[in-house]
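Following: one structure in structure tokens, then a few remarks.
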Amino acid sequence: MHRIFYLMGKSASGKDTIYQKLLENEDLNLRRIVLYTTRPVREGEKQGREYYFTDEQKLHELQKEGRLIELRSYDTVHGIWHYFTADDGQIDLKNYDYLGIGTLESYQKMKAYFGEETMVPLYIEVEDGERLSRALTREKMQKNPRYAELCRRFLADSEDFSEDKLADAGISCRYANANLEECMAEIEIKIKSMIY
């Protein structure tokens, strides 16, 4: 049976770096699930790689067609940004294993759509002070840093990834990202144990 390995964690926990490294590992042969977003493109991002950058019209078309798997909307300091996964033909579980990335809420909706036996949660943890430091460093590198949005995301994560919500979602296995290589090794062992 093929599976969707789903990375989650608070902002600046290293999810994007881990996601890229897992996709680059040819031994795992995981396919990427590309999400959609209406938020602006950040420096260094590319259409179809990190996200499909789109608009609300496309979102409404997919909703109307019944092809929306999950949708999250955030009232940011820059307006409402939508993130969503669509049944757009990119996921073929009869033939391939996939790597996804998202929130606890999106994981729950993906699990409801594809089934609990298909979804494998990979929850990444980092101490809050370290996360804040990483987030600030990343934001400083942007052409137009959005510090207010960084703060909003940081505070929202406490609610979005509360211990109660993690327990309700059945997240029992966690991967500490204090050392990237050690964290990656743990995750790779988990994935290999399920695909071979």
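Following the order of the structure tokens, chains are lettered A, B, ..., residues in each are numbered from 1, and ligands are numbered from 1.
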
For the strand (DSSP E or B) assignment from backbone DSSP, which residues of segment 3-174 of chain A qualify? Please present them as a PDB file with C-alpha atoms, in the first residue's frame.
```pdb
ATOM      1  CA  ILE A   4       1.347  10.012   2.131  1.00  0.00           C
ATOM      2  CA  PHE A   5       4.051  11.017   4.600  1.00  0.00           C
ATOM      3  CA  TYR A   6       2.889  14.348   5.996  1.00  0.00           C
ATOM      4  CA  LEU A   7       5.289  16.859   7.577  1.00  0.00           C
ATOM      5  CA  MET A   8       3.892  19.224  10.196  1.00  0.00           C
ATOM      6  CA  GLY A   9       5.253  21.585  12.784  1.00  0.00           C
ATOM      7  CA  ARG A  31       6.683  12.354  -4.926  1.00  0.00           C
ATOM      8  CA  ARG A  32       5.868  15.917  -3.983  1.00  0.00           C
ATOM      9  CA  LEU A  35      -0.221  22.914  -2.370  1.00  0.00           C
ATOM     10  CA  TYR A  36      -1.925  26.048  -3.617  1.00  0.00           C
ATOM     11  CA  THR A  37      -1.785  29.472  -1.994  1.00  0.00           C
ATOM     12  CA  GLN A  47       5.760  28.598  -9.166  1.00  0.00           C
ATOM     13  CA  TYR A  51       3.324  26.191  -4.097  1.00  0.00           C
ATOM     14  CA  TYR A  52       1.023  26.846  -6.975  1.00  0.00           C
ATOM     15  CA  PHE A  53       0.612  30.586  -6.481  1.00  0.00           C
ATOM     16  CA  LEU A  68     -11.001  20.879  -2.809  1.00  0.00           C
ATOM     17  CA  ILE A  69      -9.480  18.411  -0.305  1.00  0.00           C
ATOM     18  CA  GLU A  70      -8.654  20.930   2.402  1.00  0.00           C
ATOM     19  CA  LEU A  71      -8.599  24.716   2.792  1.00  0.00           C
ATOM     20  CA  ARG A  72      -7.077  26.970   5.425  1.00  0.00           C
ATOM     21  CA  SER A  73      -7.553  30.732   5.473  1.00  0.00           C
ATOM     22  CA  TYR A  74      -5.495  33.130   7.562  1.00  0.00           C
ATOM     23  CA  ASP A  75      -6.427  36.719   8.312  1.00  0.00           C
ATOM     24  CA  THR A  76      -2.910  38.130   8.129  1.00  0.00           C
ATOM     25  CA  VAL A  77      -1.758  41.697   8.596  1.00  0.00           C
ATOM     26  CA  GLY A  79      -5.088  40.495   4.138  1.00  0.00           C
ATOM     27  CA  ILE A  80      -6.588  37.002   3.924  1.00  0.00           C
ATOM     28  CA  TRP A  81      -4.242  34.327   2.564  1.00  0.00           C
ATOM     29  CA  HIS A  82      -5.612  30.916   1.560  1.00  0.00           C
ATOM     30  CA  TYR A  83      -3.667  27.636   1.494  1.00  0.00           C
ATOM     31  CA  PHE A  84      -5.278  24.544   0.032  1.00  0.00           C
ATOM     32  CA  THR A  85      -4.864  21.081  -1.435  1.00  0.00           C
ATOM     33  CA  ALA A  86      -6.860  20.150  -4.507  1.00  0.00           C
ATOM     34  CA  TYR A  98       4.075  10.962  -1.503  1.00  0.00           C
ATOM     35  CA  LEU A  99       5.484  13.626   0.755  1.00  0.00           C
ATOM     36  CA  GLY A 100       3.166  16.405   1.897  1.00  0.00           C
ATOM     37  CA  ILE A 101       3.622  19.389   4.149  1.00  0.00           C
ATOM     38  CA  GLY A 102       1.035  21.381   6.070  1.00  0.00           C
ATOM     39  CA  MET A 119      -1.564   9.085   6.110  1.00  0.00           C
ATOM     40  CA  VAL A 120       1.698   8.953   8.111  1.00  0.00           C
ATOM     41  CA  PRO A 121       2.218  12.037  10.336  1.00  0.00           C
ATOM     42  CA  LEU A 122       5.755  13.401  10.747  1.00  0.00           C
ATOM     43  CA  TYR A 123       5.620  16.085  13.461  1.00  0.00           C
ATOM     44  CA  ILE A 124       8.736  18.290  13.772  1.00  0.00           C
ATOM     45  CA  GLU A 125       9.536  20.066  17.047  1.00  0.00           C
ATOM     46  CA  ARG A 174       7.643  13.504  17.305  1.00  0.00           C
TER      47      ARG A 174
END
```

Taking the backbone alone, and naming residues the way the document does, which bits of chain A are helix (DSSP H, G or I) by DSSP, as a ChimeraX atom specification? /A:15-24,56-64,104-114,128-140,147-160,163-168,180-195

Identify which of the residues A:Asn25, A:Thr103, A:Ser13, A:Ser172 lies closest to Ala185 of chain A, counting only C-alpha atoms when measuring atom-to-atom distances.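 Nearest to Ala185 of chain A: A:Asn25.
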
I'd like the interatomic distance between atom CA of Ser158 of chain A and atom CA of Ile33 of chain A, to a tenth of an Å. 25.8 Å
